[in-house]
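Engineer: My structure is below; once you've seen it, I'll send some questions.
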Amino acid sequence: LLRDEERDHLVRVLRLAPGAKIAGFDNSGGEWLGIVEDIEDRIVVCRAIGQEYPLVEAQTAVYLVLGLTKGEKMDWVVQKGTELGMAGLLPLRGKRSIVQLAGPRAVERVARWQKIAAEAVKQSHRVKEPVIEQVSDWADLLNRVPAGTQWLIPYEEEKSIGLNRLLDQLDPTRPLAILIGPEGGFDRTEVLWAEERLGARAVSLGPRILRAETAALACLTMVLAKWGDLG
Ligand code: SAM
């Protein structure tokens, strides 16, 4: 049964009639194929005719942990990160974040990002929605990713090792979480905390300073090109 927005999308936007074939997913990695049987006022009844497991999800789970940034930059990272194949996004209240979302406003923004991610999943033909977590503080981070996750913290003051070389020292079969600072970057104490408490490795992304959203997407692209299925 499809209801609410899914029902309206099929009926009003796609204008499907009984007999039409559709595809959907259930977030388990599988894609369901079905036929529209009946269109009612509030629901569409479909009959499943098969299930497939298309190879569209990245084999390495990469999470972006992004210091809260202003305006629509987070929206942009959610949309593009989903297309590129991120496993999830964790918005972080960084010390230098100009935006400090909390309470109902934070919940509302997260719901908006979840909606953007769901749309990007459909557009990019993925079969799993990335997890968009509630806004976290540093202390929450460990509980928000799978056990065994490896941590990276791109930091512009780190000059000794770049991402490409560091990835050779990490395990592509384990999840990876990448911490990206807000507009003003990370405070030195935040980098030390991440190194000590999360076991994060500080890493350079090269000689130029990238905006937070560029750094996040460049990093995700580099990891999935080296370990995953991009390119
Ligand atoms: N604090 C910096 C400044 O104002 O000069 C800029 C921070 S940058 C806009 C935002 C985030 O992107 C940083 O916290 C870092 O995580 C990442 N980043 C940007 N360029 C980087 C680089 N060349 N190497 C490593 N990380 C970088």
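Each chain in the structure tokens gets a letter, A, B, ..., in the order shown, and its residues are numbered from 1; ligands are numbered from 1 in order too.
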Show me which residues sit within 9 Å of ligand 1 when counting only C-alpha atoms and all ligand atoms, and put them as a PyMOL selection string.

Structural biologist: chain A and resi 66-67+153-159+162-163+178-187+202-216

Engineer: Would you pick out the contacts of A:Ala106 at 12 Å or less, using only C-alpha atoms, so that residues sharing its chain but fewer than 5 positions from it are not included, and give the list as a PDB file with C-alpha atoms, in the first residue's frame?

Structural biologist:
```
ATOM      1  CA  LEU A  68      26.791  23.093  11.438  1.00  0.00           C
ATOM      2  CA  PRO A  91      25.287  17.364  11.927  1.00  0.00           C
ATOM      3  CA  LEU A  92      27.693  18.464  14.680  1.00  0.00           C
ATOM      4  CA  ARG A  93      27.542  21.497  16.985  1.00  0.00           C
ATOM      5  CA  VAL A  99      24.661  28.369  13.670  1.00  0.00           C
ATOM      6  CA  GLN A 100      23.850  26.601  16.955  1.00  0.00           C
ATOM      7  CA  LEU A 101      20.654  24.679  16.285  1.00  0.00           C
ATOM      8  CA  ALA A 111      13.392  16.521   9.044  1.00  0.00           C
ATOM      9  CA  ARG A 112      14.064  18.827   6.088  1.00  0.00           C
ATOM     10  CA  TRP A 113      17.440  17.144   5.451  1.00  0.00           C
ATOM     11  CA  GLU A 133      21.012  11.883  12.481  1.00  0.00           C
ATOM     12  CA  GLN A 134      19.760  14.465  14.951  1.00  0.00           C
ATOM     13  CA  VAL A 135      22.170  17.344  15.650  1.00  0.00           C
ATOM     14  CA  SER A 136      24.924  15.955  17.886  1.00  0.00           C
TER      15      SER A 136
END
```

Engineer: Between A:Leu142, A:Glu5, A:Glu190, A:Ala117, which is the closest to A:Met74 once you count only C-alpha atoms?

Structural biologist: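 Residue with the minimum atom-to-atom distance to A:Met74: A:Ala117.
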
Engineer: From a backbone DSSP assignment, name each residue in stretch 33-197 of chain A labelled strand (DSSP E or B), as a PyMOL selection string.

Structural biologist: chain A and resi 33-39+43-52+62-67+88-92+131-132+136+150-154+162+176-180

Engineer: I'd like the interatomic distance between atom CA of A:Met86 and atom CA of A:Glu52, to a tenth of an Å.

Structural biologist: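 Here the two named atoms are 21.4 Å from each other.
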
Engineer: Give me every helix (DSSP H, G or I) residue in chain A, going by DSSP on the backbone, as a count of residues only.

Structural biologist: 82

Engineer: A:Ala17: which residues within 10 Å, counting only C-alpha atoms, same-chain residues fewer than 6 positions away excluded, as a ChimeraX atom specification?

Structural biologist: /A:10-11,35-39,44

Engineer: Can I get the selected residues back with C-alpha atoms, as a PDB file, in the first residue's frame?

Structural biologist:
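Saved file part.pdb follows:
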```pdb
ATOM      1  CA  LEU A  10       2.130   8.327  -8.315  1.00  0.00           C
ATOM      2  CA  VAL A  11      -1.325   9.671  -9.036  1.00  0.00           C
ATOM      3  CA  ILE A  35       2.026  -3.446 -10.543  1.00  0.00           C
ATOM      4  CA  VAL A  36      -0.554  -0.821  -9.621  1.00  0.00           C
ATOM      5  CA  GLU A  37      -3.815  -2.662  -8.931  1.00  0.00           C
ATOM      6  CA  ASP A  38      -6.157  -0.033  -7.571  1.00  0.00           C
ATOM      7  CA  ILE A  39      -6.128   3.723  -6.984  1.00  0.00           C
ATOM      8  CA  VAL A  44      -2.659   3.074  -4.028  1.00  0.00           C
TER       9      VAL A  44
END
```

Engineer: Could you check which of A:Glu40, A:Leu152, A:Lys70, A:Cys219 is closest to A:Asp8, using only C-alpha atoms?

Structural biologist: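 Looking only at the distances to A:Asp8, the closest residue turns out to be A:Glu40.
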
Engineer: Which neighbours of A:Leu55 fall inside 12 Å, counting only C-alpha atoms, when residues of the same chain fewer than 5 positions from it are skipped, and could you give them as a VMD selection string?

Structural biologist: chain A and resid 29 to 31 85 125 to 128 228 to 229
